[in-house]
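Undergrad: You'll find query28.cif just under this line, and it carries mmCIF, C-alpha atoms and all ligand atoms.
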```
data_structure
loop_
_atom_site.label_atom_id
_atom_site.label_comp_id
_atom_site.auth_asym_id
_atom_site.auth_seq_id
_atom_site.Cartn_x
_atom_site.Cartn_y
_atom_site.Cartn_z
CA MET D 590 -153.82 -42.96 154.83
CA THR D 591 -153.26 -46.11 152.77
CA VAL D 592 -155.82 -48.80 153.44
CA ARG D 593 -154.44 -52.31 153.22
CA ARG D 594 -156.89 -55.21 153.26
CA PRO D 595 -155.64 -57.83 155.73
CA LEU D 596 -154.50 -61.15 154.34
CA ILE D 597 -154.61 -64.30 156.44
CA ALA D 598 -152.50 -66.98 154.78
CA GLY D 599 -152.31 -70.61 155.85
CA ASN D 600 -149.07 -72.46 155.18
CA TRP D 601 -149.99 -76.13 155.52
CA LYS D 602 -146.35 -77.14 155.01
CA MET D 603 -145.98 -80.91 154.36
CA ASN D 604 -149.26 -81.86 156.02
CA GLY D 605 -152.48 -83.46 154.87
CA LEU D 606 -153.72 -86.05 152.44
CA LYS D 607 -156.43 -85.36 149.88
CA ALA D 608 -159.46 -85.98 152.08
CA GLU D 609 -158.15 -83.83 154.94
CA GLY D 610 -157.16 -80.99 152.63
CA GLN D 611 -160.51 -81.07 150.92
CA GLY D 612 -162.36 -81.13 154.25
CA LEU D 613 -160.39 -78.21 155.67
CA ALA D 614 -160.76 -76.10 152.54
CA ARG D 615 -164.51 -76.83 152.29
CA ASP D 616 -165.03 -76.01 155.94
CA LEU D 617 -163.35 -72.62 155.49
CA ALA D 618 -165.25 -71.90 152.29
CA GLN D 619 -168.52 -72.62 154.11
CA ARG D 620 -167.57 -70.36 157.01
CA LEU D 621 -166.71 -67.55 154.61
CA ASN D 622 -169.90 -68.04 152.67
CA LYS D 623 -171.99 -67.98 155.85
CA ALA D 624 -170.23 -64.86 157.14
CA GLY D 625 -171.27 -62.87 154.06
CA GLY D 626 -168.96 -59.88 153.56
CA VAL D 627 -165.70 -59.94 155.49
CA ASP D 628 -162.88 -57.39 155.84
CA PHE D 629 -160.01 -59.77 155.10
CA ASP D 630 -158.67 -62.03 152.38
CA LEU D 631 -157.99 -65.72 152.96
CA LEU D 632 -155.21 -67.67 151.28
CA LEU D 633 -154.50 -71.41 151.58
CA CYS D 634 -151.08 -72.79 150.64
CA PRO D 635 -151.33 -76.59 150.61
CA PRO D 636 -148.56 -78.99 149.54
CA PHE D 637 -148.26 -79.28 145.74
CA PRO D 638 -150.17 -82.59 145.41
CA LEU D 639 -153.23 -81.08 147.14
CA ILE D 640 -153.43 -77.87 145.11
CA SER D 641 -155.98 -79.10 142.57
CA THR D 642 -158.16 -80.58 145.29
CA VAL D 643 -158.08 -77.36 147.29
CA VAL D 644 -158.69 -75.17 144.22
CA GLY D 645 -161.80 -77.28 143.55
CA ALA D 646 -162.95 -77.17 147.17
CA VAL D 647 -162.81 -73.37 147.43
CA ALA D 648 -164.09 -72.59 143.93
CA GLY D 649 -166.41 -69.59 143.95
CA SER D 650 -165.79 -68.82 147.64
CA GLY D 651 -163.25 -66.02 147.20
CA ILE D 652 -160.53 -67.98 149.03
CA ALA D 653 -157.24 -67.82 147.15
CA VAL D 654 -154.81 -70.71 146.78
CA GLY D 655 -151.02 -70.56 146.61
CA GLY D 656 -147.97 -72.76 146.36
CA GLN D 657 -145.34 -73.00 149.09
CA ASP D 658 -142.40 -72.55 146.71
CA CYS D 659 -141.58 -72.39 143.01
CA HIS D 660 -138.52 -72.79 140.83
CA ALA D 661 -136.79 -69.72 139.42
CA LYS D 662 -137.09 -71.08 135.89
CA ALA D 663 -140.36 -71.49 133.99
CA LYS D 664 -139.46 -75.00 132.76
CA GLY D 665 -136.56 -77.32 132.12
CA ALA D 666 -134.46 -80.15 133.51
CA HIS D 667 -135.14 -79.65 137.23
CA THR D 668 -136.32 -82.99 138.56
CA GLY D 669 -138.79 -82.71 141.40
CA ASP D 670 -139.27 -78.96 141.08
CA VAL D 671 -142.43 -77.05 140.26
CA SER D 672 -142.55 -73.84 138.24
CA ALA D 673 -144.59 -70.69 138.77
CA PRO D 674 -146.50 -71.12 135.47
CA MET D 675 -147.48 -74.63 136.61
CA LEU D 676 -148.93 -73.18 139.82
CA ALA D 677 -150.79 -70.48 137.90
CA ASP D 678 -152.10 -73.14 135.52
CA LEU D 679 -153.53 -75.08 138.47
CA GLY D 680 -155.45 -72.01 139.67
CA CYS D 681 -153.00 -70.54 142.17
CA GLN D 682 -152.87 -66.78 142.64
CA PHE D 683 -150.00 -66.66 145.13
CA VAL D 684 -146.76 -68.43 145.95
CA ILE D 685 -144.65 -68.29 149.11
CA VAL D 686 -140.94 -67.80 148.46
CA GLY D 687 -138.01 -67.68 150.85
CA HIS D 688 -139.70 -69.40 153.78
CA SER D 689 -137.06 -69.94 156.46
CA GLU D 690 -137.52 -73.71 156.18
CA ARG D 691 -136.53 -73.47 152.50
CA ARG D 692 -133.69 -71.07 153.27
CA ALA D 693 -132.40 -73.49 155.94
CA ASP D 694 -133.25 -76.92 154.48
CA HIS D 695 -132.41 -76.10 150.86
CA GLY D 696 -129.74 -73.42 151.27
CA GLU D 697 -131.83 -70.76 149.53
CA THR D 698 -130.07 -67.40 149.30
CA ASP D 699 -131.60 -63.94 148.91
CA ALA D 700 -130.55 -63.96 145.25
CA LEU D 701 -132.38 -67.24 144.64
CA VAL D 702 -135.45 -66.01 146.51
CA LYS D 703 -135.42 -62.88 144.34
CA ALA D 704 -135.19 -65.01 141.18
CA LYS D 705 -138.12 -67.14 142.40
CA ALA D 706 -140.15 -64.02 143.21
CA GLU D 707 -139.43 -62.67 139.73
CA ALA D 708 -140.53 -65.98 138.21
CA ALA D 709 -143.73 -65.73 140.25
CA LEU D 710 -144.49 -62.23 138.97
CA ALA D 711 -143.73 -63.25 135.40
CA ALA D 712 -146.33 -66.01 135.76
CA GLY D 713 -148.91 -63.55 137.09
CA LEU D 714 -148.66 -64.78 140.68
CA ILE D 715 -148.33 -62.64 143.79
CA ALA D 716 -145.12 -63.51 145.66
CA VAL D 717 -145.30 -63.82 149.45
CA ILE D 718 -141.65 -63.15 150.33
CA CYS D 719 -140.56 -64.32 153.78
CA VAL D 720 -137.84 -62.69 155.88
CA GLY D 721 -136.80 -63.26 159.48
CA GLU D 722 -133.87 -63.51 161.84
CA THR D 723 -132.57 -66.55 163.69
CA GLU D 724 -132.42 -66.59 167.47
CA ALA D 725 -128.63 -66.05 167.42
CA GLN D 726 -129.08 -63.01 165.17
CA ARG D 727 -131.77 -61.66 167.45
CA ASP D 728 -129.57 -62.16 170.53
CA ALA D 729 -126.74 -60.35 168.75
CA GLY D 730 -129.02 -57.35 168.13
CA GLU D 731 -128.96 -57.91 164.38
CA THR D 732 -132.68 -58.31 163.70
CA LEU D 733 -133.29 -55.09 161.76
CA ALA D 734 -130.09 -55.41 159.75
CA VAL D 735 -130.89 -59.03 158.86
CA VAL D 736 -134.49 -58.49 157.77
CA SER D 737 -133.66 -55.28 155.87
CA GLY D 738 -130.85 -57.10 154.07
CA GLN D 739 -133.12 -60.02 153.20
CA LEU D 740 -135.80 -57.67 151.91
CA ALA D 741 -133.36 -55.69 149.78
CA GLY D 742 -131.85 -58.90 148.41
CA SER D 743 -135.14 -60.70 147.75
CA LEU D 744 -137.43 -58.01 146.38
CA PRO D 745 -138.06 -58.45 142.64
CA THR D 746 -136.93 -55.65 140.34
CA HIS D 747 -140.47 -54.85 139.18
CA ALA D 748 -142.19 -55.25 142.53
CA ASP D 749 -145.27 -53.24 143.36
CA SER D 750 -147.92 -53.38 146.03
CA GLY D 751 -150.22 -55.53 143.92
CA LYS D 752 -147.55 -58.10 143.17
CA VAL D 753 -145.76 -58.75 146.44
CA VAL D 754 -146.62 -59.43 150.07
CA ILE D 755 -143.89 -59.49 152.71
CA ALA D 756 -144.05 -61.87 155.67
CA TYR D 757 -141.88 -61.18 158.71
CA GLU D 758 -141.29 -64.53 160.37
CA PRO D 759 -138.69 -64.69 163.15
CA VAL D 760 -137.16 -68.15 162.69
CA TRP D 761 -137.15 -68.77 166.44
CA ALA D 762 -140.91 -68.13 166.62
CA ILE D 763 -141.92 -70.62 163.93
CA GLY D 764 -143.61 -73.67 165.40
CA THR D 765 -142.23 -72.96 168.87
CA GLY D 766 -145.13 -71.24 170.62
CA ARG D 767 -142.81 -68.27 171.23
CA VAL D 768 -143.80 -64.88 169.88
CA PRO D 769 -141.89 -61.58 169.96
CA THR D 770 -143.36 -58.77 172.05
CA THR D 771 -145.80 -56.52 170.21
CA GLU D 772 -143.21 -53.73 170.60
CA ASP D 773 -140.62 -55.83 168.77
CA VAL D 774 -143.04 -56.78 166.00
CA ALA D 775 -144.06 -53.11 165.61
CA LYS D 776 -140.40 -52.09 165.41
CA VAL D 777 -139.55 -54.63 162.70
CA HIS D 778 -142.68 -53.94 160.66
CA GLY D 779 -142.06 -50.19 160.92
CA ALA D 780 -138.52 -50.69 159.62
CA LEU D 781 -139.73 -52.93 156.79
CA ARG D 782 -142.34 -50.33 155.82
CA LYS D 783 -139.62 -47.69 155.62
CA ASP D 784 -137.51 -50.01 153.47
CA LEU D 785 -140.45 -50.67 151.17
CA VAL D 786 -141.14 -46.96 150.72
CA GLY D 787 -137.42 -46.46 150.08
CA ALA D 788 -137.49 -49.16 147.40
CA LEU D 789 -140.89 -48.54 145.81
CA GLY D 790 -141.73 -44.93 146.68
CA ALA D 791 -145.23 -44.15 147.96
CA ASP D 792 -146.48 -47.49 146.59
CA GLY D 793 -144.45 -49.18 149.35
CA ASN D 794 -147.21 -48.03 151.71
CA GLY D 795 -149.60 -50.35 149.91
CA VAL D 796 -147.58 -53.56 150.33
CA ARG D 797 -149.15 -55.94 152.81
CA LEU D 798 -146.82 -56.88 155.65
CA LEU D 799 -147.76 -60.12 157.39
CA TYR D 800 -146.48 -61.38 160.72
CA GLY D 801 -145.80 -65.11 161.03
CA GLY D 802 -144.53 -67.30 163.86
CA SER D 803 -146.79 -69.11 166.35
CA VAL D 804 -149.87 -67.02 165.56
CA LYS D 805 -152.80 -68.58 167.43
CA PRO D 806 -156.40 -67.51 168.14
CA ASP D 807 -155.36 -66.18 171.55
CA ASN D 808 -152.54 -63.90 170.38
CA ALA D 809 -153.80 -62.87 166.94
CA ALA D 810 -155.88 -59.85 167.96
CA GLU D 811 -153.03 -57.95 169.61
CA LEU D 812 -150.69 -58.66 166.69
CA MET D 813 -153.26 -57.73 164.04
CA ALA D 814 -154.00 -54.46 165.84
CA LEU D 815 -150.46 -53.17 165.19
CA GLU D 816 -150.18 -50.38 162.63
CA ASN D 817 -148.01 -52.13 160.06
CA VAL D 818 -149.29 -55.66 160.55
CA ASP D 819 -151.64 -56.36 157.66
CA GLY D 820 -152.39 -59.98 158.34
CA ALA D 821 -150.67 -63.22 159.26
CA LEU D 822 -148.84 -66.16 157.77
CA VAL D 823 -150.04 -69.07 159.87
CA GLY D 824 -148.49 -72.54 160.02
CA GLY D 825 -149.69 -74.96 162.69
CA ALA D 826 -152.92 -73.14 163.49
CA SER D 827 -153.94 -73.11 159.81
CA LEU D 828 -154.51 -76.88 159.95
CA LYS D 829 -157.66 -76.49 162.08
CA ALA D 830 -160.51 -74.60 160.40
CA GLU D 831 -161.79 -73.32 163.74
CA ASP D 832 -158.42 -71.82 164.71
CA PHE D 833 -157.62 -70.38 161.30
CA TRP D 834 -161.07 -68.82 161.10
CA ALA D 835 -160.72 -67.37 164.62
CA ILE D 836 -157.38 -65.81 163.62
CA ALA D 837 -158.95 -64.28 160.50
CA GLN D 838 -161.74 -62.82 162.57
CA SER D 839 -159.23 -61.00 164.78
CA CYS D 840 -158.38 -58.65 161.91
C1 LIG Y 1 -144.85 -70.78 159.16
O1 LIG Y 1 -144.36 -71.86 158.94
O2 LIG Y 1 -144.89 -69.94 158.24
C2 LIG Y 1 -145.37 -70.50 160.50
C3 LIG Y 1 -145.58 -69.27 160.80
O3 LIG Y 1 -145.55 -71.56 161.32
P1 LIG Y 1 -146.26 -71.55 162.78
O4 LIG Y 1 -147.50 -70.68 162.67
O5 LIG Y 1 -146.58 -72.96 163.07
O6 LIG Y 1 -145.28 -70.95 163.73
#
```
Can you turn what I pasted into structure tokens?

TA:
Amino acid sequence: MTVRRPLIAGNWKMNGLKAEGQGLARDLAQRLNKAGGVDFDLLLCPPFPLISTVVGAVAGSGIAVGGQDCHAKAKGAHTGDVSAPMLADLGCQFVIVGHSERRADHGETDALVKAKAEAALAAGLIAVICVGETEAQRDAGETLAVVSGQLAGSLPTHADSGKVVIAYEPVWAIGTGRVPTTEDVAKVHGALRKDLVGALGADGNGVRLLYGGSVKPDNAAELMALENVDGALVGGASLKAEDFWAIAQSC
């Protein structure tokens, strides 16, 4: 049986100023330090301007830091964008690509998400690739087709289990307090696992599959107990150290 170490990732989105980000990151680093050995990995994805502060605050703790997006190109005339090498240079180890808010707000397609994921890998970053259906797609019974299509279209050509993490995030569950049933999550994660093995062979069994969408301390344990759920991508609840830590401890 493949053992996958759970990953609990916090997506701070566009929240926090320097002092708050530093306080939150330090609080988590202290909790991790005090806990001694733990059976999960922690990842914090602050907004770009807070990355250096957070990298400094978690230094030596084992907590990883990631960006929330990157450009598909390494450099060039792309005003306002940030490249994967820039994130790596700041001390990031991960970057989220294809979050539904980027797909919706910035019209990101699977092809663009794939190009961003490839840029991440080329810069030595691990790409956290997000997939997920809208409520209308779910109601039309299209969930599995949608997420499988997004995965196939977004997975980098040279993906392997050490370079990519997949996050299943139903769009209708993000920030709404609504969560799919555990049966539905198990079904989608099982289908994604099959797709990953189809694409990567046996190594697909080693790819971490996160669930994201209104994960809170009171629902994390039952989600994390599912066979193909290897952690969580957490938005709102990652902004409170107590809640994020409680979610991590449910693994
Ligand atoms: C997210 O934005 O990735 C997310 C899962 O948000 P929330 O936990 O707030 O639903």

Undergrad: Looking at all atoms listed in the file, which of D:Gly626, D:Gly824, D:Pro674, D:Pro635 is the one that sits closest to Gly651 in chain D?

TA: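 Result for the nearest residue to Gly651 in chain D: D:Gly626.
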
Undergrad: Give me, as JSON lines, the closest atom pair and its distance (Å, one decimal) for every residue of range 713-820 of chain D within a cut-off of 12 Å of range 688-699 of chain D, counting all atoms listed in the file, rows sorted by chain and rising number.

TA:
```
{"residue": "D:Ala716", "atom": "CA", "partner": "D:His688", "partner_atom": "CA", "distance": 11.4}
{"residue": "D:Val717", "atom": "CA", "partner": "D:His688", "partner_atom": "CA", "distance": 9.0}
{"residue": "D:Ile718", "atom": "CA", "partner": "D:His688", "partner_atom": "CA", "distance": 7.4}
{"residue": "D:Cys719", "atom": "CA", "partner": "D:His688", "partner_atom": "CA", "distance": 5.2}
{"residue": "D:Val720", "atom": "CA", "partner": "D:His688", "partner_atom": "CA", "distance": 7.3}
{"residue": "D:Gly721", "atom": "CA", "partner": "D:Ser689", "partner_atom": "CA", "distance": 7.3}
{"residue": "D:Glu722", "atom": "CA", "partner": "D:Ser689", "partner_atom": "CA", "distance": 9.0}
{"residue": "D:Thr723", "atom": "CA", "partner": "D:Ser689", "partner_atom": "CA", "distance": 9.2}
{"residue": "D:Val735", "atom": "CA", "partner": "D:Asp699", "partner_atom": "CA", "distance": 11.1}
{"residue": "D:Val736", "atom": "CA", "partner": "D:Asp699", "partner_atom": "CA", "distance": 10.8}
{"residue": "D:Ser737", "atom": "CA", "partner": "D:Asp699", "partner_atom": "CA", "distance": 11.3}
{"residue": "D:Gly738", "atom": "CA", "partner": "D:Asp699", "partner_atom": "CA", "distance": 8.6}
{"residue": "D:Gln739", "atom": "CA", "partner": "D:Asp699", "partner_atom": "CA", "distance": 6.0}
{"residue": "D:Leu740", "atom": "CA", "partner": "D:Asp699", "partner_atom": "CA", "distance": 8.1}
{"residue": "D:Ala741", "atom": "CA", "partner": "D:Asp699", "partner_atom": "CA", "distance": 8.5}
{"residue": "D:Gly742", "atom": "CA", "partner": "D:Asp699", "partner_atom": "CA", "distance": 5.1}
{"residue": "D:Ser743", "atom": "CA", "partner": "D:Asp699", "partner_atom": "CA", "distance": 4.9}
{"residue": "D:Leu744", "atom": "CA", "partner": "D:Asp699", "partner_atom": "CA", "distance": 8.7}
{"residue": "D:Pro745", "atom": "CA", "partner": "D:Asp699", "partner_atom": "CA", "distance": 10.5}
{"residue": "D:Ile755", "atom": "CA", "partner": "D:His688", "partner_atom": "CA", "distance": 10.8}
{"residue": "D:Ala756", "atom": "CA", "partner": "D:His688", "partner_atom": "CA", "distance": 8.9}
{"residue": "D:Tyr757", "atom": "CA", "partner": "D:His688", "partner_atom": "CA", "distance": 9.8}
{"residue": "D:Glu758", "atom": "CA", "partner": "D:Ser689", "partner_atom": "CA", "distance": 7.9}
{"residue": "D:Pro759", "atom": "CA", "partner": "D:Ser689", "partner_atom": "CA", "distance": 8.7}
{"residue": "D:Val760", "atom": "CA", "partner": "D:Ser689", "partner_atom": "CA", "distance": 6.5}
{"residue": "D:Trp761", "atom": "CA", "partner": "D:Ser689", "partner_atom": "CA", "distance": 10.0}
{"residue": "D:Ala762", "atom": "CA", "partner": "D:Ser689", "partner_atom": "CA", "distance": 11.0}
{"residue": "D:Ile763", "atom": "CA", "partner": "D:Ser689", "partner_atom": "CA", "distance": 8.9}
{"residue": "D:Gly764", "atom": "CA", "partner": "D:Glu690", "partner_atom": "CA", "distance": 11.0}
{"residue": "D:Gly801", "atom": "CA", "partner": "D:His688", "partner_atom": "CA", "distance": 10.4}
{"residue": "D:Gly802", "atom": "CA", "partner": "D:Ser689", "partner_atom": "CA", "distance": 10.8}
```

Undergrad: Atoms to include: C-alpha atoms. Write the selected residues as an mmCIF file, in the frame of the given file.

TA:
```cif
data_model
loop_
_atom_site.group_PDB
_atom_site.id
_atom_site.type_symbol
_atom_site.label_atom_id
_atom_site.label_comp_id
_atom_site.auth_asym_id
_atom_site.auth_seq_id
_atom_site.Cartn_x
_atom_site.Cartn_y
_atom_site.Cartn_z
ATOM 1 C CA ALA D 716 -145.120 -63.510 145.660
ATOM 2 C CA VAL D 717 -145.300 -63.820 149.450
ATOM 3 C CA ILE D 718 -141.650 -63.150 150.330
ATOM 4 C CA CYS D 719 -140.560 -64.320 153.780
ATOM 5 C CA VAL D 720 -137.840 -62.690 155.880
ATOM 6 C CA GLY D 721 -136.800 -63.260 159.480
ATOM 7 C CA GLU D 722 -133.870 -63.510 161.840
ATOM 8 C CA THR D 723 -132.570 -66.550 163.690
ATOM 9 C CA VAL D 735 -130.890 -59.030 158.860
ATOM 10 C CA VAL D 736 -134.490 -58.490 157.770
ATOM 11 C CA SER D 737 -133.660 -55.280 155.870
ATOM 12 C CA GLY D 738 -130.850 -57.100 154.070
ATOM 13 C CA GLN D 739 -133.120 -60.020 153.200
ATOM 14 C CA LEU D 740 -135.800 -57.670 151.910
ATOM 15 C CA ALA D 741 -133.360 -55.690 149.780
ATOM 16 C CA GLY D 742 -131.850 -58.900 148.410
ATOM 17 C CA SER D 743 -135.140 -60.700 147.750
ATOM 18 C CA LEU D 744 -137.430 -58.010 146.380
ATOM 19 C CA PRO D 745 -138.060 -58.450 142.640
ATOM 20 C CA ILE D 755 -143.890 -59.490 152.710
ATOM 21 C CA ALA D 756 -144.050 -61.870 155.670
ATOM 22 C CA TYR D 757 -141.880 -61.180 158.710
ATOM 23 C CA GLU D 758 -141.290 -64.530 160.370
ATOM 24 C CA PRO D 759 -138.690 -64.690 163.150
ATOM 25 C CA VAL D 760 -137.160 -68.150 162.690
ATOM 26 C CA TRP D 761 -137.150 -68.770 166.440
ATOM 27 C CA ALA D 762 -140.910 -68.130 166.620
ATOM 28 C CA ILE D 763 -141.920 -70.620 163.930
ATOM 29 C CA GLY D 764 -143.610 -73.670 165.400
ATOM 30 C CA GLY D 801 -145.800 -65.110 161.030
ATOM 31 C CA GLY D 802 -144.530 -67.300 163.860
#
```

Undergrad: Counting all atoms listed in the file, which residue out of D:Gly825, D:Gly820, D:Gly656, D:Gly730 sits closest to ligand LIG 1 (chain Y)?

TA: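 The closest residue to ligand LIG 1 (chain Y) is D:Gly825.
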
Undergrad: Have a look at D:Gly766, D:Pro806, D:Gly793, D:Gly649 and name the one nearest to Gly751 in chain D; count all atoms listed in the file.

TA: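 Looking only at the distances to Gly751 in chain D, the closest residue turns out to be D:Gly793.
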
Undergrad: If we count all atoms listed in the file and set the cut-off at 12 Å, which residues sit around Arg797 in chain D, ignoring sequence neighbours fewer than 6 positions away in its own chain? Please answer as JSON, numbers by chain.

TA: {"D": [591, 592, 593, 594, 595, 596, 597, 598, 629, 630, 715, 716, 717, 718, 749, 750, 751, 752, 753, 754, 755, 756, 757, 778, 781, 782, 785, 816, 817, 818, 819, 820, 821, 822]}

Undergrad: Rounded to one decimal place, report the atom O5 of ligand LIG 1 (chain Y)-CA of Gly687 in chain D distance in Å.

TA: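 That distance, rounded to one decimal, is 15.8 Å.
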
Undergrad: What separation in Å, quoted to one decimal, exists between CA of Ala614 in chain D and CA of Val647 in chain D?

TA: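 Going from CA of Ala614 in chain D over to CA of Val647 in chain D, I get 6.1 Å.
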
Undergrad: What's the separation between CA of Ile652 in chain D and CA of Glu707 in chain D, in Å to one decimal place?

TA: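 Pair CA of Ile652 in chain D / CA of Glu707 in chain D returns 23.7 Å.
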
Undergrad: Can you tell me which residues surround Ala648 in chain D at a distance of at most 12 Å, considering all atoms listed in the file, apart from same-chain residues fewer than 2 positions away, and format the answer as a list in words?

TA: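 Here the answer would be Gln611, Ala614, Arg615, Leu617, Ala618, Gln619, Asn622, Ile640, Ser641, Thr642, Val643, Val644, Gly645, Ala646, Ser650, Gly651, Ile652, Ala653, Val654, Gly680 and Cys681 of chain D.
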
Undergrad: Any chance you could work out the axis-aligned box around ligand LIG 1 (chain Y), listed atoms only, 5 Å on each side, giving centre and edge lengths in Å to one decimal, as AutoDock Vina command-line options?

TA:
```
--center_x -145.9 --center_y -71.1 --center_z 161.0 --size_x 13.1 --size_y 13.7 --size_z 15.5
```
